[in-house]
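Trainee: Structure file run25.txt (compact mmCIF, C-alpha atoms and all ligand atoms) right here:
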# COMPACT_ATOMS: atom_id res chain seq x y z
CA MET B 12 39.48 -41.73 23.41
CA CYS B 13 36.52 -39.95 24.91
CA THR B 14 38.43 -36.66 25.02
CA ARG B 15 39.54 -37.07 21.45
CA PHE B 16 35.94 -37.72 20.36
CA SER B 17 34.78 -34.57 22.19
CA PHE B 18 37.55 -32.61 20.50
CA LEU B 19 36.45 -33.81 17.06
CA VAL B 20 32.84 -32.89 17.83
CA PHE B 21 34.08 -29.48 18.98
CA VAL B 22 36.04 -28.96 15.75
CA ALA B 23 33.04 -30.07 13.69
CA LEU B 24 30.81 -27.56 15.50
CA ILE B 25 33.30 -24.75 14.97
CA CYS B 26 33.62 -25.59 11.26
CA ALA B 27 29.83 -25.72 10.89
CA ALA B 28 29.63 -22.29 12.53
CA VAL B 29 32.12 -20.59 10.21
CA PRO B 30 29.65 -19.56 7.47
CA VAL B 31 27.43 -17.97 10.12
CA PHE B 32 30.10 -15.79 11.68
CA GLY B 33 32.16 -15.32 8.51
CA GLN B 34 30.96 -13.44 5.46
CA GLY B 35 27.69 -15.43 5.42
CA ILE B 36 26.02 -13.15 2.89
CA THR B 37 26.15 -13.19 -0.90
CA THR B 38 25.12 -9.96 -2.61
CA HIS B 39 23.33 -10.01 -5.99
CA LYS B 40 22.63 -6.89 -8.04
CA VAL B 41 18.98 -6.97 -9.09
CA ALA B 42 18.36 -3.77 -11.11
CA GLY B 43 19.25 -0.10 -10.74
CA ASN B 44 19.91 0.56 -7.06
CA ILE B 45 18.21 -2.61 -5.78
CA TYR B 46 20.16 -5.59 -4.41
CA MET B 47 19.33 -9.02 -3.02
CA LEU B 48 21.27 -10.37 -0.04
CA GLU B 49 21.32 -14.14 0.25
CA GLY B 50 22.37 -15.67 3.57
CA ARG B 51 20.51 -17.82 6.04
CA GLY B 52 16.74 -17.44 6.11
CA GLY B 53 14.64 -15.36 3.76
CA ASN B 54 16.21 -13.31 0.97
CA ILE B 55 16.80 -9.67 1.85
CA GLY B 56 15.98 -6.81 -0.53
CA VAL B 57 17.98 -3.58 -0.27
CA SER B 58 17.49 -0.17 -1.92
CA VAL B 59 20.50 2.15 -1.67
CA GLY B 60 20.61 5.78 -2.81
CA GLU B 61 20.47 9.45 -1.94
CA ASP B 62 17.87 8.93 0.77
CA GLY B 63 19.86 6.17 2.46
CA VAL B 64 19.16 2.46 2.79
CA LEU B 65 15.88 0.54 2.84
CA VAL B 66 16.06 -3.08 4.06
CA ILE B 67 13.38 -5.71 3.43
CA ASP B 68 13.50 -8.57 5.97
CA THR B 69 16.24 -9.28 8.51
CA GLN B 70 16.89 -13.08 8.53
CA PHE B 71 18.14 -14.23 11.97
CA ASP B 72 19.50 -12.41 15.02
CA ASN B 73 23.06 -13.70 14.45
CA MET B 74 22.97 -12.43 10.83
CA ALA B 75 22.57 -8.74 11.77
CA GLY B 76 26.37 -8.19 11.74
CA PRO B 77 26.97 -9.82 8.33
CA ILE B 78 23.90 -7.97 6.94
CA ARG B 79 25.31 -4.62 8.14
CA ASP B 80 28.72 -5.47 6.64
CA ALA B 81 27.18 -6.44 3.28
CA ILE B 82 25.17 -3.19 3.19
CA LYS B 83 28.30 -1.13 3.98
CA GLU B 84 29.88 -2.57 0.82
CA LEU B 85 26.98 -1.07 -1.17
CA SER B 86 26.51 2.29 0.52
CA SER B 87 27.92 4.61 3.17
CA GLY B 88 24.34 5.73 3.90
CA GLU B 89 22.41 4.82 7.02
CA ILE B 90 19.63 2.26 7.26
CA ARG B 91 16.52 4.50 7.29
CA ILE B 92 13.62 2.07 6.91
CA ILE B 93 13.13 -1.66 7.54
CA VAL B 94 10.16 -3.60 6.14
CA ASN B 95 9.11 -7.11 7.18
CA THR B 96 7.31 -9.11 4.49
CA HIS B 97 5.70 -11.27 7.24
CA PHE B 98 6.25 -12.40 10.83
CA HIS B 99 8.26 -15.66 10.44
CA GLY B 100 11.51 -15.80 12.42
CA ASP B 101 13.73 -16.36 9.36
CA HIS B 102 12.55 -12.95 8.06
CA THR B 103 12.32 -10.99 11.33
CA GLY B 104 15.05 -12.49 13.57
CA GLY B 105 17.45 -9.59 12.91
CA ASN B 106 14.80 -7.00 13.91
CA LYS B 107 16.14 -6.78 17.47
CA ALA B 108 19.59 -5.60 16.37
CA LEU B 109 18.66 -3.65 13.21
CA GLY B 110 15.45 -2.21 14.70
CA GLN B 111 17.55 -0.02 16.99
CA GLU B 112 18.74 1.84 13.89
CA ALA B 113 15.54 2.42 11.94
CA PRO B 114 11.77 2.05 12.26
CA ILE B 115 10.23 -1.23 11.09
CA ILE B 116 7.13 -1.24 8.87
CA ALA B 117 4.88 -4.29 8.51
CA HIS B 118 1.30 -5.49 8.15
CA VAL B 119 -0.77 -5.06 11.31
CA ASN B 120 -0.95 -8.86 11.80
CA THR B 121 2.86 -9.13 11.70
CA ARG B 122 3.00 -6.86 14.74
CA LYS B 123 0.18 -8.82 16.44
CA ARG B 124 1.90 -12.17 15.91
CA LEU B 125 5.35 -10.89 16.93
CA LEU B 126 3.85 -9.20 20.01
CA ALA B 127 2.66 -12.62 21.20
CA THR B 128 6.26 -13.93 21.23
CA GLY B 129 7.75 -11.65 23.91
CA ASP B 130 7.35 -9.22 26.79
CA GLU B 131 6.23 -5.74 25.75
CA SER B 132 7.73 -4.14 28.89
CA ASP B 133 11.20 -5.02 27.55
CA GLN B 134 12.66 -2.14 25.50
CA ALA B 135 14.86 -4.43 23.36
CA PHE B 136 11.80 -6.50 22.46
CA ARG B 137 9.80 -3.36 21.60
CA ASN B 138 12.62 -2.28 19.27
CA SER B 139 12.20 -5.55 17.37
CA LEU B 140 8.49 -4.87 16.68
CA PRO B 141 7.07 -2.94 13.71
CA TRP B 142 6.52 0.67 14.79
CA VAL B 143 4.43 1.44 11.70
CA THR B 144 1.62 -0.89 10.61
CA PHE B 145 -0.94 -0.87 7.80
CA ASP B 146 -4.03 -2.88 6.82
CA ASP B 147 -4.18 -3.16 3.03
CA ASP B 148 -1.34 -1.18 1.48
CA LEU B 149 1.16 1.59 1.97
CA SER B 150 3.46 3.58 -0.32
CA LEU B 151 7.02 4.63 0.45
CA HIS B 152 8.66 7.40 -1.55
CA PHE B 153 12.33 6.62 -1.26
CA ASN B 154 15.46 6.79 -3.42
CA GLY B 155 13.59 8.32 -6.33
CA GLU B 156 10.68 5.91 -6.67
CA GLU B 157 7.36 4.83 -5.22
CA ILE B 158 7.58 1.51 -3.42
CA LYS B 159 4.13 -0.02 -3.00
CA ILE B 160 3.71 -2.44 -0.10
CA VAL B 161 0.59 -4.55 -0.63
CA HIS B 162 -0.96 -7.04 1.81
CA PHE B 163 -2.05 -10.38 0.30
CA PRO B 164 -4.43 -12.01 2.77
CA THR B 165 -4.48 -15.60 4.04
CA GLY B 166 -1.79 -16.93 1.66
CA HIS B 167 1.51 -18.01 3.22
CA THR B 168 0.24 -16.63 6.57
CA ASP B 169 -2.22 -13.82 7.42
CA THR B 170 0.66 -11.32 7.75
CA ASP B 171 2.23 -11.24 4.25
CA CYS B 172 2.96 -8.33 1.97
CA VAL B 173 4.64 -7.96 -1.43
CA LEU B 174 6.76 -4.94 -2.39
CA PHE B 175 6.60 -3.37 -5.85
CA PHE B 176 9.50 -1.05 -6.85
CA THR B 177 7.64 0.91 -9.51
CA GLU B 178 10.62 2.57 -11.27
CA SER B 179 13.24 -0.18 -10.90
CA ASN B 180 10.76 -2.83 -12.12
CA VAL B 181 11.59 -5.12 -9.19
CA VAL B 182 9.29 -7.09 -6.87
CA HIS B 183 10.05 -8.65 -3.48
CA MET B 184 7.55 -11.50 -3.14
CA GLY B 185 8.33 -12.61 0.41
CA ASP B 186 7.20 -16.20 0.95
CA HIS B 187 4.61 -16.03 -1.80
CA PHE B 188 7.49 -17.37 -3.91
CA PHE B 189 9.89 -20.24 -3.14
CA ASN B 190 11.84 -20.33 -6.40
CA GLY B 191 12.11 -23.92 -7.68
CA ARG B 192 10.67 -25.44 -4.51
CA PHE B 193 7.39 -26.45 -2.96
CA PRO B 194 6.22 -23.57 -0.76
CA PHE B 195 5.53 -23.64 2.96
CA VAL B 196 1.96 -22.58 3.70
CA ASP B 197 1.52 -21.93 7.42
CA LEU B 198 -2.03 -23.19 8.04
CA ALA B 199 -1.69 -22.57 11.79
CA SER B 200 -0.94 -18.85 11.21
CA GLY B 201 -3.75 -17.92 8.84
CA GLY B 202 -2.29 -19.48 5.69
CA ASP B 203 -4.41 -21.29 3.07
CA VAL B 204 -3.33 -23.10 -0.10
CA ALA B 205 -6.27 -21.97 -2.29
CA SER B 206 -5.70 -18.31 -1.28
CA TYR B 207 -1.96 -18.71 -1.78
CA ILE B 208 -2.60 -19.84 -5.38
CA ASN B 209 -5.01 -16.92 -5.99
CA ASN B 210 -2.49 -14.46 -4.58
CA VAL B 211 0.34 -15.75 -6.78
CA GLN B 212 -1.91 -15.55 -9.88
CA THR B 213 -2.99 -11.99 -8.96
CA ILE B 214 0.67 -10.97 -8.71
CA ILE B 215 1.62 -12.69 -12.00
CA ASP B 216 -1.22 -10.82 -13.76
CA GLN B 217 0.19 -7.46 -12.61
CA LEU B 218 3.84 -7.98 -13.57
CA PRO B 219 5.55 -6.88 -16.80
CA SER B 220 7.48 -9.61 -18.65
CA ASP B 221 10.91 -8.10 -17.91
CA VAL B 222 10.40 -7.75 -14.14
CA LYS B 223 13.13 -8.95 -11.74
CA ILE B 224 11.75 -10.94 -8.82
CA ILE B 225 13.29 -11.43 -5.37
CA PRO B 226 11.73 -14.62 -3.99
CA GLY B 227 11.42 -15.27 -0.24
CA HIS B 228 13.65 -18.29 -0.79
CA GLY B 229 15.76 -19.48 -3.74
CA ALA B 230 17.62 -17.72 -6.51
CA LEU B 231 16.83 -14.31 -8.02
CA ALA B 232 14.06 -14.91 -10.55
CA THR B 233 12.22 -13.86 -13.70
CA LEU B 234 8.50 -13.87 -14.49
CA ASP B 235 8.98 -17.23 -16.26
CA ASP B 236 10.42 -18.70 -13.04
CA LEU B 237 7.37 -17.44 -11.12
CA LYS B 238 5.02 -18.91 -13.75
CA ALA B 239 6.85 -22.27 -13.52
CA PHE B 240 6.43 -22.16 -9.72
CA LYS B 241 2.69 -21.52 -10.13
CA GLU B 242 2.39 -24.33 -12.67
CA MET B 243 4.14 -26.74 -10.29
CA ILE B 244 1.72 -25.80 -7.50
CA ASP B 245 -1.33 -26.08 -9.79
CA GLU B 246 -0.31 -29.50 -11.09
CA THR B 247 0.63 -31.02 -7.73
CA VAL B 248 -2.43 -29.57 -5.97
CA ALA B 249 -4.67 -31.03 -8.70
CA ILE B 250 -3.13 -34.49 -8.13
CA ILE B 251 -3.55 -34.24 -4.35
CA ARG B 252 -7.16 -33.02 -4.64
CA LYS B 253 -7.97 -35.92 -6.98
CA GLY B 254 -6.72 -38.23 -4.23
CA ILE B 255 -8.96 -36.47 -1.69
CA GLU B 256 -11.98 -36.76 -4.01
CA ALA B 257 -11.25 -40.48 -4.48
CA GLY B 258 -11.54 -40.91 -0.70
CA LYS B 259 -7.83 -41.52 -0.02
CA ASP B 260 -6.39 -40.57 3.35
CA GLU B 261 -3.31 -38.37 3.68
CA LYS B 262 -0.90 -41.31 3.93
CA GLN B 263 -2.31 -42.95 0.79
CA VAL B 264 -1.88 -39.73 -1.17
CA GLN B 265 1.72 -39.49 0.09
CA GLU B 266 2.36 -43.10 -0.97
CA ALA B 267 1.02 -42.37 -4.47
CA GLY B 268 3.56 -39.51 -4.64
CA LEU B 269 4.07 -36.68 -7.15
CA PRO B 270 5.52 -36.67 -10.69
CA ASP B 271 9.28 -37.38 -10.94
CA LYS B 272 9.92 -34.05 -12.67
CA TYR B 273 9.26 -32.36 -9.31
CA SER B 274 11.69 -34.49 -7.30
CA ASP B 275 14.13 -31.54 -6.96
CA ALA B 276 11.36 -29.27 -5.65
CA GLY B 277 10.87 -31.34 -2.53
CA THR B 278 14.27 -31.11 -0.90
CA GLY B 279 15.01 -29.57 2.48
CA PHE B 280 12.39 -28.23 4.90
CA ILE B 281 9.39 -28.86 2.64
CA ASN B 282 9.82 -32.31 1.11
CA ALA B 283 7.15 -33.88 -1.10
CA ASN B 284 5.40 -35.59 1.84
CA ARG B 285 5.21 -32.36 3.81
CA TRP B 286 3.83 -30.48 0.79
CA ILE B 287 1.20 -33.20 0.25
CA SER B 288 0.29 -32.98 3.93
CA ILE B 289 -0.11 -29.16 3.81
CA VAL B 290 -2.30 -29.32 0.70
CA TYR B 291 -4.35 -32.26 2.02
CA GLN B 292 -5.06 -30.49 5.31
CA SER B 293 -5.78 -27.15 3.69
CA TYR B 294 -8.48 -28.66 1.44
CA THR B 295 -10.04 -30.99 4.03
CA ARG B 296 -10.23 -28.87 7.19
ZN ZN B 301 7.72 -17.55 5.90
Kindly return the structure encoded in the file as structure tokens.
Ligand SMILES: [Zn+2]
Mentor:
Amino acid sequence: MCTRFSFLVFVALICAAVPVFGQGITTHKVAGNIYMLEGRGGNIGVSVGEDGVLVIDTQFDNMAGPIRDAIKELSSGEIRIIVNTHFHGDHTGGNKALGQEAPIIAHVNTRKRLLATGDESDQAFRNSLPWVTFDDDLSLHFNGEEIKIVHFPTGHTDTDCVLFFTESNVVHMGDHFFNGRFPFVDLASGGDVASYINNVQTIIDQLPSDVKIIPGHGALATLDDLKAFKEMIDETVAIIRKGIEAGKDEKQVQEAGLPDKYSDAGTGFINANRWISIVYQSYTR
């Protein structure tokens, strides 16, 4: 009986592992020579062309193989440049494997925060770190266009950047955009809800109406999707701040809840209670 139970658990674990070691990645064409790879962790942006391959974010360590395979389907060229939108592990976990192939570029704080997670005397760890860092912005000239990498301070974390593909009319937002969901704002790593809102509005104001947007998480998006995300944040933050002003504690605000129309936005890692907690703490600390 016991053996049989163990066997079933074993089979269940193997089955659960199949998507990770199988194809694992879904490729979406965005525009021109830009693609979005959806797997586990943050969405990956890829530019393929005459100059080779540019990769934005690397998901997890065990996704490096499936990422390489998905890129090979798009191009026979080599990975030349890797960019990290920010330091979180679901966007940088594949750095160790992929960083052996190409230099990694990121905001200076991404390097600082990643540096604190390992031993710099270890070559494999050094390969996983950004070799090139910048403070405010940086331009890449690759595959026939200028790609502007712009730091947006103290939003999701203090390490985030957004990439603007100026010819293809594509933007990779990193975790300044969770399409259709409440965002995670990492208050412990330099994030702030008010700054996050300002950053999203600043980006919206710069984008043409027909832009294609790769969100950090969720489906490939349009400007209308990004505006709906901003509206959802504005409305729910206003409700939570009203609760704070009325002298309610965090639990009371959670009990009062958020409008039903946003019930789908609070599934998974950031449910409605967690979002309320992040906003409450960001505006009361
Ligand atoms: Zn993140």
Trainee: With all atoms listed in the file counted, collect every polymer residue having an atom within 10 Å of ligand ZN 301 (chain B); state the result as a ChimeraX atom specification.
Mentor: /B:52-53,96-103,167-168,170-171,185-189,194-197,227-228
Trainee: Go through B:Pro164, B:Gly202, B:Gly229, B:Gly254 one by one, measure the shortest atom-to-atom distance of each to Asn190 (chain B) using all atoms listed in the file, and give the residue with the smallest value.
Mentor: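 Looking only at the distances to Asn190 (chain B), the closest residue turns out to be B:Gly229.
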Trainee: Quick one: what's the axis-aligned box for region 130-143 of chain B, all listed atoms, 5 Å on every side, centre and edges in Å to one decimal, as AutoDock Vina command-line options?
Mentor:
--center_x 9.6 --center_y -3.9 --center_z 20.3 --size_x 20.4 --size_y 20.7 --size_z 27.2
Trainee: Considering only C-alpha atoms, return as JSON, numbers by chain whatever protein or nucleic-acid residues lie within 12 Å of Gln212 (chain B), sequence-local ones (same chain, fewer than 2 positions apart) excluded.
Mentor: {"B": [163, 166, 187, 188, 205, 206, 207, 208, 209, 210, 214, 215, 216, 217, 218, 234, 237, 238, 239, 240, 241, 242, 244, 245]}
Trainee: Calculate how many Å separate CA of Ile116 (chain B) from CA of Asn95 (chain B), rounding to one decimal.
Mentor: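 Separation between CA of Ile116 (chain B) and CA of Asn95 (chain B): 6.4 Å.
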Trainee: Please provide the set of residues having any atom within 10 Å of Asn154 (chain B), restricted to all atoms listed in the file, with same-chain residues fewer than 2 positions apart removed, written as a short mmCIF file (atom, residue, chain, number, x, y, z; two decimals) with C-alpha atoms, in the frame of the given file.
Mentor:
data_model
loop_
_atom_site.label_atom_id
_atom_site.label_comp_id
_atom_site.auth_asym_id
_atom_site.auth_seq_id
_atom_site.Cartn_x
_atom_site.Cartn_y
_atom_site.Cartn_z
CA ASN B 44 19.91 0.56 -7.06
CA SER B 58 17.49 -0.17 -1.92
CA VAL B 59 20.50 2.15 -1.67
CA GLY B 60 20.61 5.78 -2.81
CA GLU B 61 20.47 9.45 -1.94
CA ASP B 62 17.87 8.93 0.77
CA GLY B 63 19.86 6.17 2.46
CA VAL B 64 19.16 2.46 2.79
CA LEU B 65 15.88 0.54 2.84
CA LEU B 151 7.02 4.63 0.45
CA HIS B 152 8.66 7.40 -1.55
CA GLU B 156 10.68 5.91 -6.67
CA GLU B 157 7.36 4.83 -5.22
CA ILE B 158 7.58 1.51 -3.42
#
Trainee: Can you work out the spacing between CA of Asn54 (chain B) and CA of Thr38 (chain B) in Å, to one decimal?
Mentor: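 We find that CA of Asn54 (chain B) and CA of Thr38 (chain B) lie 10.2 Å from each other.
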Trainee: When you look at Pro141 (chain B) with a cut-off of 12 Å (counting all atoms listed in the file), what residues show up, excluding the ones that are within fewer than 6 positions of it in the same chain? I need them as a CSV table (one decimal) with C-alpha atoms, keeping the file's coordinate frame.
Mentor:
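Output contents, as saved in part-v5.csv:
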chain,number,residue,atom,x,y,z
B,68,ASP,CA,13.5,-8.6,6.0
B,92,ILE,CA,13.6,2.1,6.9
B,93,ILE,CA,13.1,-1.7,7.5
B,94,VAL,CA,10.2,-3.6,6.1
B,95,ASN,CA,9.1,-7.1,7.2
B,96,THR,CA,7.3,-9.1,4.5
B,97,HIS,CA,5.7,-11.3,7.2
B,98,PHE,CA,6.2,-12.4,10.8
B,103,THR,CA,12.3,-11.0,11.3
B,106,ASN,CA,14.8,-7.0,13.9
B,107,LYS,CA,16.1,-6.8,17.5
B,109,LEU,CA,18.7,-3.6,13.2
B,110,GLY,CA,15.4,-2.2,14.7
B,111,GLN,CA,17.6,0.0,17.0
B,113,ALA,CA,15.5,2.4,11.9
B,114,PRO,CA,11.8,2.0,12.3
B,115,ILE,CA,10.2,-1.2,11.1
B,116,ILE,CA,7.1,-1.2,8.9
B,117,ALA,CA,4.9,-4.3,8.5
B,118,HIS,CA,1.3,-5.5,8.2
B,119,VAL,CA,-0.8,-5.1,11.3
B,120,ASN,CA,-1.0,-8.9,11.8
B,121,THR,CA,2.9,-9.1,11.7
B,122,ARG,CA,3.0,-6.9,14.7
B,123,LYS,CA,0.2,-8.8,16.4
B,124,ARG,CA,1.9,-12.2,15.9
B,125,LEU,CA,5.4,-10.9,16.9
B,126,LEU,CA,3.8,-9.2,20.0
Trainee: Using Å and a single decimal, report how far CA of Asn180 (chain B) sits from CA of Thr144 (chain B).
Mentor: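 That distance, rounded to one decimal, is 24.6 Å.
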Trainee: With all atoms listed in the file as the basis for distance, which of B:Cys172, B:Ile251, B:Ala232, B:Val181 is at the shortest distance from Pro219 (chain B)?
Mentor: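 Distance minimum relative to Pro219 (chain B) lands on B:Val181.
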Trainee: Choose the residue, out of B:Asp221, B:Gly105, B:Arg79, B:Leu85, that has the smallest atom-to-atom separation from Lys40 (chain B); count only C-alpha atoms.
Mentor: B:Leu85
Trainee: Skipping near chain neighbours, those fewer than 4 positions away, what residues fall within 9 Å of Val161 (chain B) using all atoms listed in the file, listed as a ChimeraX atom specification?
Mentor: /B:118,146-150,171-175
Trainee: For Asp203 (chain B), which residue among B:Ala81, B:Val57, B:Ile289, B:Ile45 is the nearest when counting all atoms listed in the file?
Mentor: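 Looking at the shortest contact to Asp203 (chain B), the residue is B:Ile289.
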